[in-house]
$ cat protein.txt   # compact mmCIF, C-alpha atoms
# COMPACT_ATOMS: atom_id res chain seq x y z
CA MET A 56 -19.74 4.58 -22.49
CA ASP A 57 -17.03 7.11 -23.27
CA ALA A 58 -13.45 5.90 -23.65
CA PRO A 59 -11.55 6.68 -20.44
CA GLN A 60 -9.38 9.42 -21.94
CA ASP A 61 -12.49 11.11 -23.38
CA LEU A 62 -13.55 11.89 -19.81
CA ILE A 63 -10.65 14.30 -19.25
CA GLY A 64 -11.97 17.84 -18.88
CA ARG A 65 -15.53 16.72 -18.30
CA PRO A 66 -17.51 17.22 -15.06
CA VAL A 67 -17.61 14.55 -12.41
CA ASN A 68 -21.23 13.73 -13.32
CA ALA A 69 -19.98 12.37 -16.64
CA ILE A 70 -18.27 9.42 -14.90
CA ASP A 71 -20.39 6.31 -15.35
CA THR A 72 -20.98 4.01 -12.38
CA PRO A 73 -19.63 2.10 -10.64
CA ALA A 74 -16.19 3.68 -10.94
CA LEU A 75 -13.11 4.09 -8.78
CA VAL A 76 -12.45 7.80 -8.31
CA VAL A 77 -9.50 9.64 -6.73
CA ASP A 78 -10.02 13.07 -5.20
CA LEU A 79 -6.73 14.54 -6.46
CA ASP A 80 -6.83 17.53 -4.13
CA ALA A 81 -7.13 15.31 -1.06
CA MET A 82 -4.48 12.92 -2.43
CA ASP A 83 -2.04 15.78 -2.99
CA ARG A 84 -2.53 16.99 0.58
CA ASN A 85 -1.89 13.46 1.87
CA LEU A 86 1.22 13.24 -0.29
CA ALA A 87 2.58 16.50 1.10
CA THR A 88 1.68 15.66 4.71
CA MET A 89 3.62 12.39 4.65
CA ALA A 90 6.58 13.94 2.86
CA ARG A 91 6.83 16.66 5.54
CA PHE A 92 6.48 14.06 8.29
CA ALA A 93 9.36 11.94 6.94
CA GLN A 94 11.56 15.01 6.48
CA ARG A 95 10.85 16.23 10.01
CA HIS A 96 11.80 12.88 11.53
CA LYS A 97 14.80 12.45 9.19
CA VAL A 98 13.67 9.05 7.94
CA ARG A 99 13.40 7.75 4.40
CA LEU A 100 10.00 7.09 2.88
CA ARG A 101 9.46 4.04 0.69
CA PRO A 102 5.68 3.75 0.27
CA HIS A 103 3.95 0.51 -0.55
CA ALA A 104 2.88 0.52 -4.21
CA LYS A 105 0.85 -2.64 -3.64
CA MET A 106 -1.78 -0.21 -2.39
CA HIS A 107 -2.28 1.77 -5.61
CA LYS A 108 -0.52 -0.56 -8.11
CA SER A 109 0.18 2.42 -10.34
CA ALA A 110 3.56 3.46 -11.76
CA GLU A 111 2.16 6.96 -12.28
CA LEU A 112 1.34 7.38 -8.60
CA ALA A 113 4.64 5.79 -7.57
CA LYS A 114 6.44 8.46 -9.60
CA LEU A 115 4.38 11.17 -7.87
CA GLN A 116 5.46 9.79 -4.51
CA MET A 117 9.11 9.74 -5.55
CA ALA A 118 8.85 13.28 -6.92
CA ALA A 119 7.64 14.25 -3.43
CA GLY A 120 10.73 12.73 -1.80
CA ALA A 121 10.20 8.96 -1.58
CA VAL A 122 13.38 6.96 -2.29
CA GLY A 123 11.46 4.25 -4.15
CA VAL A 124 8.54 1.92 -3.53
CA CYS A 125 7.76 -1.43 -1.96
CA VAL A 126 5.78 -4.23 -3.58
CA GLN A 127 4.85 -7.71 -2.41
CA LYS A 128 4.94 -9.67 -5.66
CA THR A 129 7.52 -10.17 -8.39
CA SER A 130 4.91 -9.29 -11.01
CA GLU A 131 4.17 -6.03 -9.18
CA ALA A 132 7.88 -5.20 -9.32
CA GLU A 133 7.88 -5.97 -13.06
CA ALA A 134 4.90 -3.64 -13.57
CA MET A 135 6.64 -0.84 -11.69
CA VAL A 136 9.89 -1.21 -13.65
CA ALA A 137 7.99 -1.39 -16.94
CA GLY A 138 6.29 1.86 -15.95
CA GLY A 139 9.58 3.65 -15.27
CA VAL A 140 9.95 3.09 -11.51
CA TYR A 141 13.47 1.77 -11.01
CA ASN A 142 13.96 1.59 -7.24
CA VAL A 143 11.80 -1.28 -6.03
CA PHE A 144 11.89 -3.35 -2.85
CA ILE A 145 10.09 -6.71 -2.96
CA SER A 146 9.30 -6.75 0.77
CA ASN A 147 8.43 -10.43 0.71
CA GLU A 148 10.09 -13.81 0.40
CA VAL A 149 10.51 -15.29 -3.09
CA ILE A 150 11.39 -19.00 -3.20
CA SER A 151 10.36 -20.30 -6.65
CA PRO A 152 13.34 -20.60 -9.05
CA PHE A 153 11.10 -19.30 -11.86
CA LYS A 154 10.28 -16.14 -9.94
CA LEU A 155 13.86 -15.72 -8.73
CA ALA A 156 15.04 -15.77 -12.36
CA ARG A 157 12.59 -12.91 -13.00
CA VAL A 158 13.93 -11.05 -9.97
CA ALA A 159 17.47 -11.44 -11.32
CA ALA A 160 16.31 -10.11 -14.68
CA LEU A 161 14.91 -7.04 -12.94
CA THR A 162 18.31 -6.27 -11.42
CA ARG A 163 19.67 -6.08 -14.97
CA ALA A 164 16.70 -4.09 -16.29
CA VAL A 165 17.22 -1.22 -13.82
CA LEU A 166 20.99 -0.95 -14.34
CA PRO A 167 20.85 1.59 -17.22
CA HIS A 168 18.64 3.78 -15.03
CA GLU A 169 20.91 3.61 -11.97
CA GLY A 170 18.10 1.78 -10.21
CA LYS A 171 18.13 -0.85 -7.52
CA ILE A 172 16.12 -3.95 -6.68
CA ALA A 173 15.88 -5.28 -3.13
CA ILE A 174 14.23 -8.33 -1.60
CA CYS A 175 13.49 -10.04 1.74
CA VAL A 176 14.72 -13.38 3.07
CA ASP A 177 13.95 -15.30 6.24
CA SER A 178 15.83 -18.60 5.80
CA ILE A 179 19.23 -20.01 4.85
CA GLU A 180 17.58 -21.98 2.05
CA GLY A 181 15.94 -18.83 0.71
CA ILE A 182 19.30 -17.04 0.69
CA ARG A 183 20.98 -19.87 -1.18
CA ARG A 184 18.21 -20.09 -3.77
CA LEU A 185 18.44 -16.35 -4.35
CA ALA A 186 22.22 -16.51 -4.68
CA THR A 187 21.97 -19.40 -7.15
CA SER A 188 19.56 -17.50 -9.38
CA MET A 189 21.67 -14.35 -9.27
CA ASN A 190 24.82 -16.31 -10.09
CA GLU A 191 23.14 -18.13 -12.99
CA ALA A 192 21.95 -14.80 -14.37
CA ARG A 193 25.46 -13.36 -14.06
CA VAL A 194 26.94 -16.25 -16.03
CA ALA A 195 24.22 -16.19 -18.70
CA SER A 196 24.30 -12.42 -19.25
CA GLY A 197 27.90 -11.62 -18.48
CA VAL A 198 26.65 -8.76 -16.30
CA ALA A 199 27.75 -8.79 -12.64
CA THR A 200 24.55 -7.50 -11.10
CA ALA A 201 23.80 -7.61 -7.37
CA ILE A 202 20.68 -7.33 -5.25
CA ASP A 203 20.09 -5.73 -1.85
CA VAL A 204 18.86 -8.26 0.71
CA PHE A 205 16.93 -7.51 3.88
CA ILE A 206 16.44 -10.09 6.62
CA GLU A 207 12.79 -10.08 7.63
CA ILE A 208 12.27 -10.57 11.35
CA ASN A 209 8.96 -11.46 12.97
CA VAL A 210 8.15 -8.49 15.20
CA GLY A 211 4.54 -9.48 15.90
CA GLN A 212 2.84 -10.05 12.55
CA LYS A 213 3.44 -13.82 12.86
CA ARG A 214 3.50 -14.27 9.12
CA CYS A 215 6.89 -14.37 7.39
CA GLY A 216 10.11 -13.53 9.20
CA VAL A 217 12.83 -15.27 11.19
CA GLU A 218 12.62 -14.82 14.95
CA PRO A 219 14.48 -11.72 16.20
CA GLY A 220 17.86 -12.13 17.86
CA THR A 221 20.41 -14.86 17.29
CA ALA A 222 18.45 -16.66 14.55
CA ALA A 223 18.83 -13.61 12.33
CA VAL A 224 22.60 -13.45 12.88
CA ALA A 225 23.13 -16.71 11.00
CA LEU A 226 21.25 -15.30 8.01
CA ALA A 227 23.37 -12.14 7.94
CA LEU A 228 26.55 -14.22 7.97
CA GLU A 229 25.21 -16.42 5.16
CA ILE A 230 24.32 -13.42 2.98
CA ARG A 231 27.89 -12.14 3.35
CA LYS A 232 29.19 -15.34 1.70
CA HIS A 233 27.59 -14.52 -1.67
CA PRO A 234 29.10 -11.79 -3.90
CA ALA A 235 25.81 -11.18 -5.74
CA LEU A 236 23.99 -10.42 -2.48
CA ASN A 237 24.37 -7.15 -0.55
CA PHE A 238 23.21 -7.32 3.06
CA ALA A 239 21.14 -4.14 3.33
CA GLY A 240 19.52 -4.41 6.75
CA LEU A 241 16.41 -5.60 8.54
CA GLN A 242 12.75 -5.67 7.55
CA ALA A 243 10.68 -5.21 10.74
CA TYR A 244 7.05 -4.71 9.77
CA HIS A 245 4.20 -5.21 12.26
CA GLY A 246 1.12 -5.30 10.07
CA LYS A 247 -1.33 -6.26 12.79
CA ALA A 248 -0.41 -3.17 14.80
CA GLN A 249 -1.64 -0.89 12.02
CA HIS A 250 -5.28 -1.61 12.81
CA LEU A 251 -5.25 -1.85 16.59
CA ARG A 252 -7.86 0.71 17.46
CA SER A 253 -6.43 2.55 20.45
CA PRO A 254 -3.17 4.53 20.47
CA ALA A 255 -2.13 2.66 23.63
CA GLU A 256 -2.49 -0.73 21.92
CA ARG A 257 -0.53 0.42 18.90
CA ARG A 258 2.19 1.93 21.06
CA GLU A 259 2.57 -1.28 23.07
CA ALA A 260 2.85 -3.40 19.93
CA ILE A 261 5.39 -1.13 18.24
CA THR A 262 7.45 -0.77 21.41
CA GLY A 263 7.98 -4.52 21.20
CA ALA A 264 8.87 -4.31 17.51
CA ILE A 265 11.40 -1.55 18.15
CA LYS A 266 13.08 -3.56 20.90
CA ALA A 267 13.24 -6.67 18.70
CA ALA A 268 14.76 -4.74 15.81
CA ALA A 269 17.29 -2.96 18.05
CA LEU A 270 18.38 -6.21 19.69
CA THR A 271 18.76 -7.99 16.37
CA ARG A 272 20.79 -5.13 14.93
CA GLN A 273 23.05 -5.14 18.01
CA LEU A 274 23.71 -8.88 17.76
CA ILE A 275 24.49 -8.78 14.05
CA GLU A 276 26.83 -5.82 14.42
CA ALA A 277 28.59 -7.62 17.27
CA GLU A 278 29.69 -10.09 14.57
CA GLY A 279 31.30 -7.28 12.61
CA VAL A 280 28.46 -6.99 10.07
CA SER A 281 26.97 -3.55 9.55
CA VAL A 282 23.17 -3.29 9.54
CA GLY A 283 22.64 -0.48 7.12
CA LEU A 284 18.93 0.11 7.59
CA VAL A 285 15.89 -0.98 9.58
CA THR A 286 12.80 -0.63 7.41
CA GLY A 287 9.12 -1.21 8.11
CA SER A 288 6.11 0.63 9.53
CA GLY A 289 2.72 1.45 8.08
CA THR A 290 0.18 4.25 8.00
CA GLY A 291 -1.29 3.34 11.40
CA THR A 292 1.98 3.51 13.36
CA ALA A 293 4.38 5.66 11.31
CA ALA A 294 4.74 8.23 14.10
CA LEU A 295 6.05 5.54 16.45
CA GLU A 296 8.66 4.00 14.16
CA GLY A 297 9.56 7.42 12.78
CA ALA A 298 10.46 8.74 16.22
CA SER A 299 12.13 5.54 17.43
CA GLY A 300 15.70 6.26 16.40
CA VAL A 301 15.86 2.63 15.24
CA TYR A 302 13.86 2.68 12.03
CA GLY A 303 15.47 4.58 9.18
CA GLU A 304 12.76 3.99 6.60
CA LEU A 305 8.95 3.98 6.61
CA GLN A 306 6.87 1.79 4.28
CA ALA A 307 3.47 3.41 4.85
CA GLY A 308 1.24 3.16 1.78
CA SER A 309 -2.44 3.63 2.62
CA TYR A 310 -1.87 7.25 3.71
CA LEU A 311 -2.21 8.29 0.06
CA PHE A 312 -5.87 7.22 -0.17
CA MET A 313 -7.02 6.28 3.36
CA ASP A 314 -9.79 3.71 3.72
CA ALA A 315 -12.65 3.22 6.14
CA ASP A 316 -10.76 0.70 8.25
CA TYR A 317 -7.85 3.06 8.94
CA ALA A 318 -10.34 5.82 9.69
CA ALA A 319 -11.80 3.61 12.45
CA ASN A 320 -8.55 3.91 14.43
CA GLN A 321 -8.63 6.27 17.39
CA LEU A 322 -6.43 9.27 16.63
CA ASP A 323 -2.95 9.52 18.11
CA PRO A 324 -1.92 13.19 18.57
CA ALA A 325 1.54 12.35 17.22
CA GLN A 326 0.19 10.75 14.05
CA PRO A 327 -0.15 12.88 10.90
CA ARG A 328 -3.72 13.43 9.68
CA PHE A 329 -4.77 12.09 6.30
CA GLU A 330 -7.97 12.50 4.31
CA HIS A 331 -10.12 10.07 2.35
CA ALA A 332 -9.07 10.34 -1.28
CA LEU A 333 -10.37 7.07 -2.80
CA PHE A 334 -14.06 6.58 -3.52
CA VAL A 335 -16.34 4.27 -5.45
CA LYS A 336 -18.85 6.36 -7.34
CA THR A 337 -22.23 4.65 -7.52
CA GLN A 338 -25.85 5.54 -8.21
CA VAL A 339 -29.28 4.53 -6.95
CA ILE A 340 -30.94 2.07 -9.35
CA SER A 341 -33.97 1.04 -7.25
CA THR A 342 -36.00 2.61 -4.42
CA HIS A 343 -38.30 1.06 -1.81
CA THR A 344 -40.13 3.54 0.41
CA THR A 345 -42.80 1.42 2.10
CA GLY A 346 -42.32 -0.69 5.21
CA ASP A 347 -38.59 -0.85 5.87
CA PRO A 348 -37.37 1.86 3.47
CA TYR A 349 -34.15 1.32 1.52
CA VAL A 350 -32.56 2.00 -1.82
CA VAL A 351 -30.27 -0.08 -4.00
CA CYS A 352 -27.05 1.13 -5.65
CA ASP A 353 -25.07 -0.45 -8.48
CA ALA A 354 -21.82 -1.04 -6.53
CA GLY A 355 -21.65 -4.51 -5.01
CA HIS A 356 -18.58 -6.32 -3.78
CA LYS A 357 -17.19 -6.69 -7.30
CA SER A 358 -16.55 -2.95 -7.00
CA HIS A 359 -14.96 -2.84 -3.54
CA ALA A 360 -13.23 -5.29 -1.21
CA ILE A 361 -15.07 -6.37 1.92
CA ASP A 362 -12.27 -8.16 3.82
CA SER A 363 -11.98 -5.19 6.21
CA GLY A 364 -15.69 -4.53 6.37
CA LEU A 365 -18.29 -2.93 4.17
CA PRO A 366 -17.76 0.55 2.75
CA LYS A 367 -18.94 3.71 4.42
CA VAL A 368 -21.23 6.09 2.56
CA HIS A 369 -19.68 9.52 2.23
CA ALA A 370 -22.21 12.02 3.58
CA PHE A 371 -22.29 15.59 2.31
CA SER A 372 -25.14 16.44 4.70
CA SER A 373 -26.23 15.34 8.18
CA ARG A 374 -29.73 14.90 6.74
CA SER A 375 -28.64 12.23 4.28
CA LYS A 376 -26.49 9.81 6.25
CA LEU A 377 -26.77 6.26 4.97
CA GLU A 378 -25.49 2.85 5.98
CA TYR A 379 -24.32 0.33 3.40
CA PHE A 380 -25.43 -3.32 3.58
CA ASN A 381 -24.17 -6.15 1.40
CA GLY A 382 -26.45 -6.80 -1.55
CA GLY A 383 -24.16 -9.26 -3.33
CA ASP A 384 -21.89 -9.05 -6.35
CA GLU A 385 -23.52 -6.13 -8.15
CA HIS A 386 -25.74 -4.38 -5.60
CA GLY A 387 -25.50 -2.43 -2.37
CA ILE A 388 -28.40 -1.91 0.02
CA LEU A 389 -28.57 1.56 1.60
CA ARG A 390 -30.67 2.42 4.62
CA PRO A 391 -30.94 5.69 6.55
CA THR A 392 -29.01 5.95 9.78
CA ALA A 393 -30.66 7.09 13.00
CA GLY A 394 -31.60 10.75 12.72
CA SER A 395 -31.41 10.86 8.94
CA THR A 396 -34.59 12.25 7.42
CA ARG A 397 -34.46 11.17 3.80
CA LEU A 398 -33.35 8.57 1.29
CA PRO A 399 -31.80 9.44 -2.06
CA THR A 400 -34.02 9.33 -5.11
CA LEU A 401 -33.72 7.12 -8.16
CA GLY A 402 -30.59 8.00 -10.14
CA SER A 403 -28.93 9.86 -7.26
CA LEU A 404 -25.13 9.72 -7.27
CA LEU A 405 -23.39 8.47 -4.12
CA TRP A 406 -19.80 8.00 -2.98
CA LEU A 407 -18.53 4.98 -1.06
CA ILE A 408 -15.36 4.91 1.07
CA PRO A 409 -13.90 1.39 0.67
CA GLY A 410 -13.16 -0.66 3.77
CA HIS A 411 -9.73 -1.65 2.40
CA CYS A 412 -8.11 0.36 -0.38
CA ASP A 413 -5.48 -2.16 -1.58
CA PRO A 414 -7.74 -5.01 -2.78
CA THR A 415 -10.37 -2.49 -3.92
CA VAL A 416 -7.89 -0.94 -6.35
CA ASN A 417 -7.03 -4.43 -7.61
CA LEU A 418 -10.64 -4.84 -8.79
CA HIS A 419 -10.36 -1.96 -11.28
CA ASP A 420 -8.47 -1.32 -14.51
CA MET A 421 -8.27 2.40 -13.86
CA MET A 422 -8.81 5.16 -11.34
CA ILE A 423 -10.39 8.41 -12.46
CA GLY A 424 -8.69 11.46 -10.96
CA VAL A 425 -10.96 14.42 -10.22
CA ARG A 426 -9.81 17.94 -9.40
CA GLY A 427 -12.09 20.39 -7.59
CA GLY A 428 -14.08 18.06 -5.36
CA LEU A 429 -16.58 15.24 -5.74
CA LEU A 430 -19.60 17.48 -6.30
CA LYS A 431 -18.37 20.05 -8.82
CA GLY A 432 -14.99 18.70 -9.85
CA VAL A 433 -13.59 18.00 -13.30
CA VAL A 434 -11.79 14.86 -14.50
CA GLU A 435 -8.08 15.71 -14.73
CA ARG A 436 -6.48 12.35 -15.41
CA VAL A 437 -7.13 8.66 -15.85
CA ILE A 438 -4.70 6.56 -13.81
CA ARG A 439 -3.93 3.04 -15.00
CA VAL A 440 -3.81 0.26 -12.41
CA ASP A 441 -0.65 -1.18 -13.97
CA ALA A 442 -0.26 -4.09 -11.55
CA ARG A 443 -3.91 -5.17 -11.43
CA GLY A 444 -4.01 -8.95 -10.98
CA ALA A 445 -0.23 -9.09 -10.44
CA LEU A 446 -0.29 -12.10 -8.13
CA THR A 447 2.87 -14.05 -9.01
$ encode --input "protein.txt" --output "structure tokens"
Amino acid sequence: MDAPQDLIGRPVNAIDTPALVVDLDAMDRNLATMARFAQRHKVRLRPHAKMHKSAELAKLQMAAGAVGVCVQKTSEAEAMVAGGVYNVFISNEVISPFKLARVAALTRAVLPHEGKIAICVDSIEGIRRLATSMNEARVASGVATAIDVFIEINVGQKRCGVEPGTAAVALALEIRKHPALNFAGLQAYHGKAQHLRSPAERREAITGAIKAAALTRQLIEAEGVSVGLVTGSGTGTAALEGASGVYGELQAGSYLFMDADYAANQLDPAQPRFEHALFVKTQVISTHTTGDPYVVCDAGHKSHAIDSGLPKVHAFSSRSKLEYFNGGDEHGILRPTAGSTRLPTLGSLLWLIPGHCDPTVNLHDMMIGVRGGLLKGVVERVIRVDARGALT
């Protein structure tokens, strides 16, 4: 097999299978669409880099107007900073003293680049642990660094987050006690709402999140503490938070690639339209034409995540629509859909749309960027998945 960089300039057919491929033209259109959307609604965009795990793509997003990126893990933040991305929000709680020491080190690492590290908290104990680590780092290094701190409130996800309202006020007052901590605002992310299928369901869920965030901000500011920013949102609901007048920052990430699960949502006229840009290239390695006809491809669930369902087969023709069935670790079973008149032949190249882009990317060392389409395009770049396996 060719070394990855040797593929640059070669036709798409030269990419061996299975491989994770980015349609760069579609990705660029998605990038521009979201940038225009954020500008029109006068909100900041801080996309989630846990989706693509690539410092190169994070820089592209920032060049298009994003203020920085979000991550969920300390090691993801380290990968971003190592790759030259210096404005990173760890939109998750970090409790371990070992990890908090690494977070404190990141605040020092971005200083020469005028960068900024931010983090979430949802408990008094979490705030005190963070302050202790920051203070210890200040003493050890002699550098008076600080970190932006967002209080995460539970607006419906029922995962992390303090309950909205008075419970969050106590956390804001506690943050103000610690010189190394800057109270930056509220994290109000409703992940479950992103994949509610109907626009009405999504609107109902986000209406509740907006009310919870507005109430919490009002109560904190009644104590004389400014709430600088409410941040949250995702690709499925960005139009709602963006138009709310409460959220000042959107964290949508999947818009860049779009997966099959997001595509299953019913369209909301207010929501920007994004295209599929991430594909698993695969090929037919076995054919079975008698009885119940099917073919087998070489992309099993080691090539794509199945937590949000099996991938969809990208169809270039109505005569060749296929459905993907799980064949295990290394294989996919493909059968014709109703009305399809043919199966692909041995060696045929196919393109799968992953059910969930984030964990699919995490299965690969690299993404191969193609310019000019999936059929006749040329490899333009090889994109490293810098934060692959970054779980700590």
$ residues_around --input "protein.txt" --residues "Ile145 of chain A" --least-positions-apart "2" --cutoff "10 Å" --atoms "all atoms listed in the file" --output "list in words"
His103, Val124, Cys125, Val126, Gln127, Lys128, Thr129, Ser130, Glu131, Ala132, Val143, Asn147, Glu148, Val149, Val158, Ile172, Ala173, Ile174, Cys175, Val204 and Phe205 of chain A
$ closest_residue --input "protein.txt" --among "A:Ala104, A:Val165, A:Leu430, A:Leu333" --to "Ala445 of chain A" --atoms "all atoms listed in the file"
A:Ala104
$ closest_residue --input "protein.txt" --among "A:Gly246, A:Gly289, A:Gly346, A:Pro219" --to "Arg272 of chain A" --atoms "all atoms listed in the file"
A:Pro219
$ atom_distance --input "protein.txt" --atom1 "atom CA of Glu207 of chain A" --atom2 "atom CA of Ala298 of chain A"
20.8 Å
$ residues_around --input "protein.txt" --residues "Ile63 of chain A" --least-positions-apart "6" --cutoff "12 Å" --atoms "all atoms listed in the file" --output "list in words"
Asp57, Ala69, Ile70, Ile423, Gly424, Val425, Arg426, Gly432, Val433, Val434, Glu435, Arg436, Val437 and Ile438 of chain A
$ write_last_selection --input "protein.txt" --atoms "C-alpha atoms" --output "mmCIF file, keeping the file's coordinate frame"
data_model
loop_
_atom_site.group_PDB
_atom_site.id
_atom_site.type_symbol
_atom_site.label_atom_id
_atom_site.label_comp_id
_atom_site.auth_asym_id
_atom_site.auth_seq_id
_atom_site.Cartn_x
_atom_site.Cartn_y
_atom_site.Cartn_z
ATOM 1 C CA ASP A 57 -17.030 7.110 -23.270
ATOM 2 C CA ALA A 69 -19.980 12.370 -16.640
ATOM 3 C CA ILE A 70 -18.270 9.420 -14.900
ATOM 4 C CA ILE A 423 -10.390 8.410 -12.460
ATOM 5 C CA GLY A 424 -8.690 11.460 -10.960
ATOM 6 C CA VAL A 425 -10.960 14.420 -10.220
ATOM 7 C CA ARG A 426 -9.810 17.940 -9.400
ATOM 8 C CA GLY A 432 -14.990 18.700 -9.850
ATOM 9 C CA VAL A 433 -13.590 18.000 -13.300
ATOM 10 C CA VAL A 434 -11.790 14.860 -14.500
ATOM 11 C CA GLU A 435 -8.080 15.710 -14.730
ATOM 12 C CA ARG A 436 -6.480 12.350 -15.410
ATOM 13 C CA VAL A 437 -7.130 8.660 -15.850
ATOM 14 C CA ILE A 438 -4.700 6.560 -13.810
#
$ axis_aligned_box --input "protein.txt" --around "segment 93-99 of chain A" --padding-each-side "4 Å" --output "JSON"
{"center_x": 12.1, "center_y": 12.0, "center_z": 8.0, "size_x": 13.4, "size_y": 16.5, "size_z": 15.1}
$ atom_distance --input "protein.txt" --atom1 "atom CA of Gln116 of chain A" --atom2 "atom CA of Pro102 of chain A"
7.7 Å
$ residues_near_point --input "protein.txt" --point "(-7.8, 8.9, 2.9)" --cutoff "8 Å" --atoms "only C-alpha atoms" --output "list of chain:residue names"
A:Ala81, A:Met82, A:Asn85, A:Ser309, A:Tyr310, A:Leu311, A:Phe312, A:Met313, A:Asp314, A:Ala318, A:Phe329, A:Glu330, A:His331, A:Ala332, A:Leu333
$ residues_around --input "protein.txt" --residues "Gly297 of chain A" --least-positions-apart "5" --cutoff "9 Å" --atoms "all atoms listed in the file" --output "PDB file with C-alpha atoms, in the frame of the given file"
ATOM      1  CA  PHE A  92       6.480  14.060   8.290  1.00  0.00           C
ATOM      2  CA  ALA A  93       9.360  11.940   6.940  1.00  0.00           C
ATOM      3  CA  HIS A  96      11.800  12.880  11.530  1.00  0.00           C
ATOM      4  CA  LYS A  97      14.800  12.450   9.190  1.00  0.00           C
ATOM      5  CA  VAL A  98      13.670   9.050   7.940  1.00  0.00           C
ATOM      6  CA  SER A 288       6.110   0.630   9.530  1.00  0.00           C
ATOM      7  CA  THR A 292       1.980   3.510  13.360  1.00  0.00           C
ATOM      8  CA  TYR A 302      13.860   2.680  12.030  1.00  0.00           C
ATOM      9  CA  GLY A 303      15.470   4.580   9.180  1.00  0.00           C
ATOM     10  CA  GLU A 304      12.760   3.990   6.600  1.00  0.00           C
ATOM     11  CA  LEU A 305       8.950   3.980   6.610  1.00  0.00           C
TER      12      LEU A 305
END
$ residues_around --input "protein.txt" --residues "Gly170 of chain A" --least-positions-apart "2" --cutoff "6 Å" --atoms "all atoms listed in the file" --output "PyMOL selection string"
chain A and resi 141-142+165-166+168
$ closest_residue --input "protein.txt" --among "A:Val76, A:Leu62, A:Leu398, A:Val140" --to "Val416 of chain A" --atoms "all atoms listed in the file"
A:Val76
